[in-house]
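Structure below is coords17.txt: compact mmCIF, C-alpha atoms.
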# COMPACT_ATOMS: atom_id res chain seq x y z
CA MET A 1 113.33 97.14 67.60
CA SER A 2 111.27 96.05 70.55
CA GLU A 3 110.15 98.23 73.39
CA ASN A 4 110.02 96.97 76.96
CA LEU A 5 106.34 97.23 77.87
CA TYR A 6 106.80 95.87 81.38
CA ARG A 7 107.43 98.41 84.08
CA THR A 8 106.20 99.28 87.55
CA THR A 9 103.72 102.14 87.45
CA GLY A 10 102.81 102.21 91.12
CA THR A 11 102.50 100.17 94.26
CA PHE A 12 99.62 99.00 96.38
CA THR A 13 99.81 98.48 100.12
CA PRO A 14 96.75 96.65 101.44
CA ASP A 15 94.91 98.25 104.34
CA LYS A 16 91.92 97.02 106.29
CA LEU A 17 89.37 99.58 105.04
CA ILE A 18 87.44 97.21 102.76
CA ALA A 19 86.09 94.35 104.88
CA ASP A 20 84.68 92.12 102.13
CA LEU A 21 83.02 92.18 98.74
CA SER A 22 79.60 90.76 99.66
CA ILE A 23 78.09 94.21 99.02
CA PRO A 24 79.32 95.72 95.73
CA ILE A 25 81.66 98.65 96.20
CA THR A 26 80.52 101.77 94.36
CA ALA A 27 82.54 104.97 94.13
CA LYS A 28 81.69 108.47 92.95
CA GLY A 29 83.59 111.64 92.22
CA ILE A 30 83.43 114.31 94.92
CA THR A 31 85.01 117.68 95.72
CA VAL A 32 86.61 117.99 99.16
CA SER A 33 86.21 121.51 100.55
CA LYS A 34 89.17 123.86 100.79
CA GLY A 35 90.44 124.13 104.36
CA GLU A 36 89.73 120.50 105.34
CA GLY A 37 93.48 119.88 105.46
CA LYS A 38 95.18 116.55 104.89
CA LEU A 39 92.65 113.73 104.97
CA LYS A 40 93.44 110.02 104.98
CA ARG A 41 91.79 107.23 103.02
CA GLY A 42 88.85 106.02 105.11
CA THR A 43 87.74 109.44 106.39
CA LEU A 44 83.96 109.65 106.76
CA LEU A 45 82.65 112.64 104.80
CA GLY A 46 79.36 114.48 104.39
CA ILE A 47 77.91 117.08 102.04
CA SER A 48 78.12 120.71 103.12
CA SER A 49 75.65 123.43 102.13
CA ASP A 50 77.80 124.50 99.14
CA GLY A 51 77.88 120.94 97.72
CA THR A 52 81.49 120.19 98.65
CA TYR A 53 82.41 117.47 101.12
CA LYS A 54 83.66 117.95 104.67
CA ARG A 55 84.50 115.65 107.57
CA THR A 56 81.46 114.15 109.25
CA ASP A 57 80.55 115.53 112.68
CA THR A 58 82.13 118.91 112.03
CA ILE A 59 80.04 122.04 112.51
CA GLU A 60 79.16 124.21 109.53
CA THR A 61 78.00 127.76 110.13
CA ALA A 62 76.00 129.45 107.39
CA GLU A 63 74.35 132.86 107.43
CA THR A 64 71.03 131.44 108.58
CA ALA A 65 71.91 128.37 110.66
CA THR A 66 74.49 126.07 112.16
CA LYS A 67 74.43 122.38 111.28
CA THR A 68 76.49 119.26 111.83
CA ILE A 69 77.80 117.55 108.69
CA GLU A 70 76.10 114.14 108.39
CA ALA A 71 77.77 111.04 106.97
CA ASP A 72 77.44 110.40 103.23
CA CYS A 73 80.54 108.58 101.96
CA ILE A 74 84.03 107.26 102.76
CA LEU A 75 87.12 108.84 101.22
CA ALA A 76 88.90 106.43 98.84
CA ASP A 77 92.33 108.12 98.66
CA ASP A 78 94.53 110.41 100.76
CA VAL A 79 94.05 114.09 99.80
CA ASP A 80 95.40 117.49 100.81
CA ALA A 81 92.60 120.08 100.73
CA THR A 82 94.47 122.66 102.79
CA GLU A 83 94.83 125.31 100.08
CA GLU A 84 92.17 124.45 97.49
CA ASN A 85 89.14 122.31 96.72
CA ILE A 86 90.25 118.82 95.66
CA VAL A 87 88.39 116.56 93.22
CA THR A 88 88.74 112.93 94.30
CA THR A 89 86.85 109.67 94.77
CA ALA A 90 84.71 108.36 97.64
CA TYR A 91 82.94 105.08 98.35
CA VAL A 92 79.13 105.26 98.50
CA SER A 93 78.42 101.56 99.04
CA GLY A 94 80.22 98.48 100.25
CA THR A 95 81.30 96.70 103.43
CA PHE A 96 84.01 98.41 105.46
CA CYS A 97 85.94 97.69 108.65
CA LYS A 98 84.63 99.73 111.60
CA ASP A 99 88.11 100.33 112.98
CA ALA A 100 89.45 101.70 109.68
CA VAL A 101 86.82 104.42 109.17
CA LEU A 102 88.21 107.75 110.39
CA LEU A 103 86.25 110.38 112.33
CA PRO A 104 87.20 113.53 114.24
CA ASP A 105 88.66 112.91 117.72
CA GLU A 106 86.26 111.70 120.40
CA LYS A 107 83.60 110.69 117.86
CA ASP A 108 82.38 107.10 117.53
CA ILE A 109 81.56 105.26 114.30
CA THR A 110 78.71 103.35 115.99
CA ASP A 111 76.79 106.65 116.15
CA HIS A 112 76.65 106.58 112.33
CA GLU A 113 76.12 102.89 111.69
CA LYS A 114 72.32 103.02 111.21
CA GLU A 115 72.56 106.12 109.01
CA LEU A 116 75.28 104.53 106.84
CA ARG A 117 73.30 101.30 106.44
CA LYS A 118 70.47 103.30 104.83
CA LEU A 119 73.02 104.62 102.31
CA GLY A 120 74.36 101.16 101.43
CA ILE A 121 77.53 101.44 103.52
CA PHE A 122 77.87 98.51 105.91
CA LEU A 123 80.33 98.30 108.78
CA LYS A 124 81.70 95.19 110.41
CA ASP A 125 84.40 94.11 112.83
CA VAL A 126 87.39 92.50 111.17
CA GLN A 127 89.72 90.25 113.12
CA GLU A 128 93.41 91.14 112.97
CA TYR A 129 95.83 88.32 112.07
Can I see the file as structure tokens?
Amino acid sequence: MSENLYRTTGTFTPDKLIADLSIPITAKGITVSKGEGKLKRGTLLGISSDGTYKRTDTIETAETATKTIEADCILADDVDATEENIVTTAYVSGTFCKDAVLLPDEKDITDHEKELRKLGIFLKDVQEY
């Protein structure tokens, strides 16, 4: 008896997040903080005071101070962190399309470009075809 070993296990729909492979793409495991809600692939994240990750440019209030979450990585997959902390993957280096990186409303990715370059995350314009 032979078993059919060919089957579809998933699908891939290309997006424009990854601009090119001139800089190696590196990913790491992260924990997205409970209460961040539904986040899309490409969301710019930063480390909060408790070590979990939250959206960049959001305000975190601790007992002693208030701080803005600074950019650290780019979310690799869609997640729903509404009810609980979610373990997922984020990109920590590579070249990404400026227009595909997601920030909170009224925030601009160019404000983070220099900071991201120091981390090994490069942004570039990609022409639509």
- Contacts of Gly51 in chain A at 12 Å or less, counting only C-alpha atoms, minus same-chain residues fewer than 5 places along, as a ChimeraX atom specification? /A:30-33,45-46,69,72,85
May I have the residues from that selection written out with C-alpha atoms, as a compact mmCIF listing (two decimals), in the coordinates of the input?
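Below is the file that was written, selection-v7.txt:
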# COMPACT_ATOMS: atom_id res chain seq x y z
CA ILE A 30 83.43 114.31 94.92
CA THR A 31 85.01 117.68 95.72
CA VAL A 32 86.61 117.99 99.16
CA SER A 33 86.21 121.51 100.55
CA LEU A 45 82.65 112.64 104.80
CA GLY A 46 79.36 114.48 104.39
CA ILE A 69 77.80 117.55 108.69
CA ASP A 72 77.44 110.40 103.23
CA ASN A 85 89.14 122.31 96.72
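Between CA of Ala76 in chain A and CA of Tyr6 in chain A there is a distance of 27.1 Å.
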Among A:Ile59, A:Ile25, A:Ala100, A:Ile109, Glu128 in chain A is approached most closely, using only C-alpha atoms, by A:Ala100
message = Would you pick out the contacts of range 89-94 of chain A at 12 Å or less, using only C-alpha atoms, so that residues sharing its chain but fewer than 2 positions from it are not included, and give the list as number ranges by chain?
response = A: 17-32, 40-47, 53-54, 71-79, 86-87, 96-97, 101, 116-124
Those same residues, written as a CSV table (one decimal), in the frame of the given file with C-alpha atoms?
chain,number,residue,atom,x,y,z
A,17,LEU,CA,89.4,99.6,105.0
A,18,ILE,CA,87.4,97.2,102.8
A,19,ALA,CA,86.1,94.4,104.9
A,20,ASP,CA,84.7,92.1,102.1
A,21,LEU,CA,83.0,92.2,98.7
A,22,SER,CA,79.6,90.8,99.7
A,23,ILE,CA,78.1,94.2,99.0
A,24,PRO,CA,79.3,95.7,95.7
A,25,ILE,CA,81.7,98.6,96.2
A,26,THR,CA,80.5,101.8,94.4
A,27,ALA,CA,82.5,105.0,94.1
A,28,LYS,CA,81.7,108.5,93.0
A,29,GLY,CA,83.6,111.6,92.2
A,30,ILE,CA,83.4,114.3,94.9
A,31,THR,CA,85.0,117.7,95.7
A,32,VAL,CA,86.6,118.0,99.2
A,40,LYS,CA,93.4,110.0,105.0
A,41,ARG,CA,91.8,107.2,103.0
A,42,GLY,CA,88.8,106.0,105.1
A,43,THR,CA,87.7,109.4,106.4
A,44,LEU,CA,84.0,109.6,106.8
A,45,LEU,CA,82.6,112.6,104.8
A,46,GLY,CA,79.4,114.5,104.4
A,47,ILE,CA,77.9,117.1,102.0
A,53,TYR,CA,82.4,117.5,101.1
A,54,LYS,CA,83.7,118.0,104.7
A,71,ALA,CA,77.8,111.0,107.0
A,72,ASP,CA,77.4,110.4,103.2
A,73,CYS,CA,80.5,108.6,102.0
A,74,ILE,CA,84.0,107.3,102.8
A,75,LEU,CA,87.1,108.8,101.2
A,76,ALA,CA,88.9,106.4,98.8
A,77,ASP,CA,92.3,108.1,98.7
A,78,ASP,CA,94.5,110.4,100.8
A,79,VAL,CA,94.0,114.1,99.8
A,86,ILE,CA,90.2,118.8,95.7
A,87,VAL,CA,88.4,116.6,93.2
A,96,PHE,CA,84.0,98.4,105.5
A,97,CYS,CA,85.9,97.7,108.6
A,101,VAL,CA,86.8,104.4,109.2
A,116,LEU,CA,75.3,104.5,106.8
A,117,ARG,CA,73.3,101.3,106.4
A,118,LYS,CA,70.5,103.3,104.8
A,119,LEU,CA,73.0,104.6,102.3
A,120,GLY,CA,74.4,101.2,101.4
A,121,ILE,CA,77.5,101.4,103.5
A,122,PHE,CA,77.9,98.5,105.9
A,123,LEU,CA,80.3,98.3,108.8
A,124,LYS,CA,81.7,95.2,110.4
Enumerate, as a PDB file with C-alpha atoms, in the frame of the given file, the protein, DNA and RNA residues whose atoms approach (76.5, 114.6, 112.6) to within 8 Å, taking into account only C-alpha atoms and the coordinate frame of the file.
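The resulting result.pdb:
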ATOM      1  CA  THR A  56      81.460 114.150 109.250  1.00  0.00           C
ATOM      2  CA  ASP A  57      80.550 115.530 112.680  1.00  0.00           C
ATOM      3  CA  THR A  58      82.130 118.910 112.030  1.00  0.00           C
ATOM      4  CA  THR A  68      76.490 119.260 111.830  1.00  0.00           C
ATOM      5  CA  ILE A  69      77.800 117.550 108.690  1.00  0.00           C
ATOM      6  CA  GLU A  70      76.100 114.140 108.390  1.00  0.00           C
ATOM      7  CA  ALA A  71      77.770 111.040 106.970  1.00  0.00           C
TER       8      ALA A  71
END
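The space between CA of Asp125 in chain A and CA of Lys98 in chain A spans 5.8 Å.
Taking CA of Lys38 in chain A and CA of Thr8 in chain A as endpoints, the distance between them is 26.8 Å.
Considering the residues A:Glu106, A:Ser49, A:Lys114, A:Lys34 and counting all atoms listed in the file, Thr64 in chain A has its shortest atom-to-atom contact with A:Ser49.
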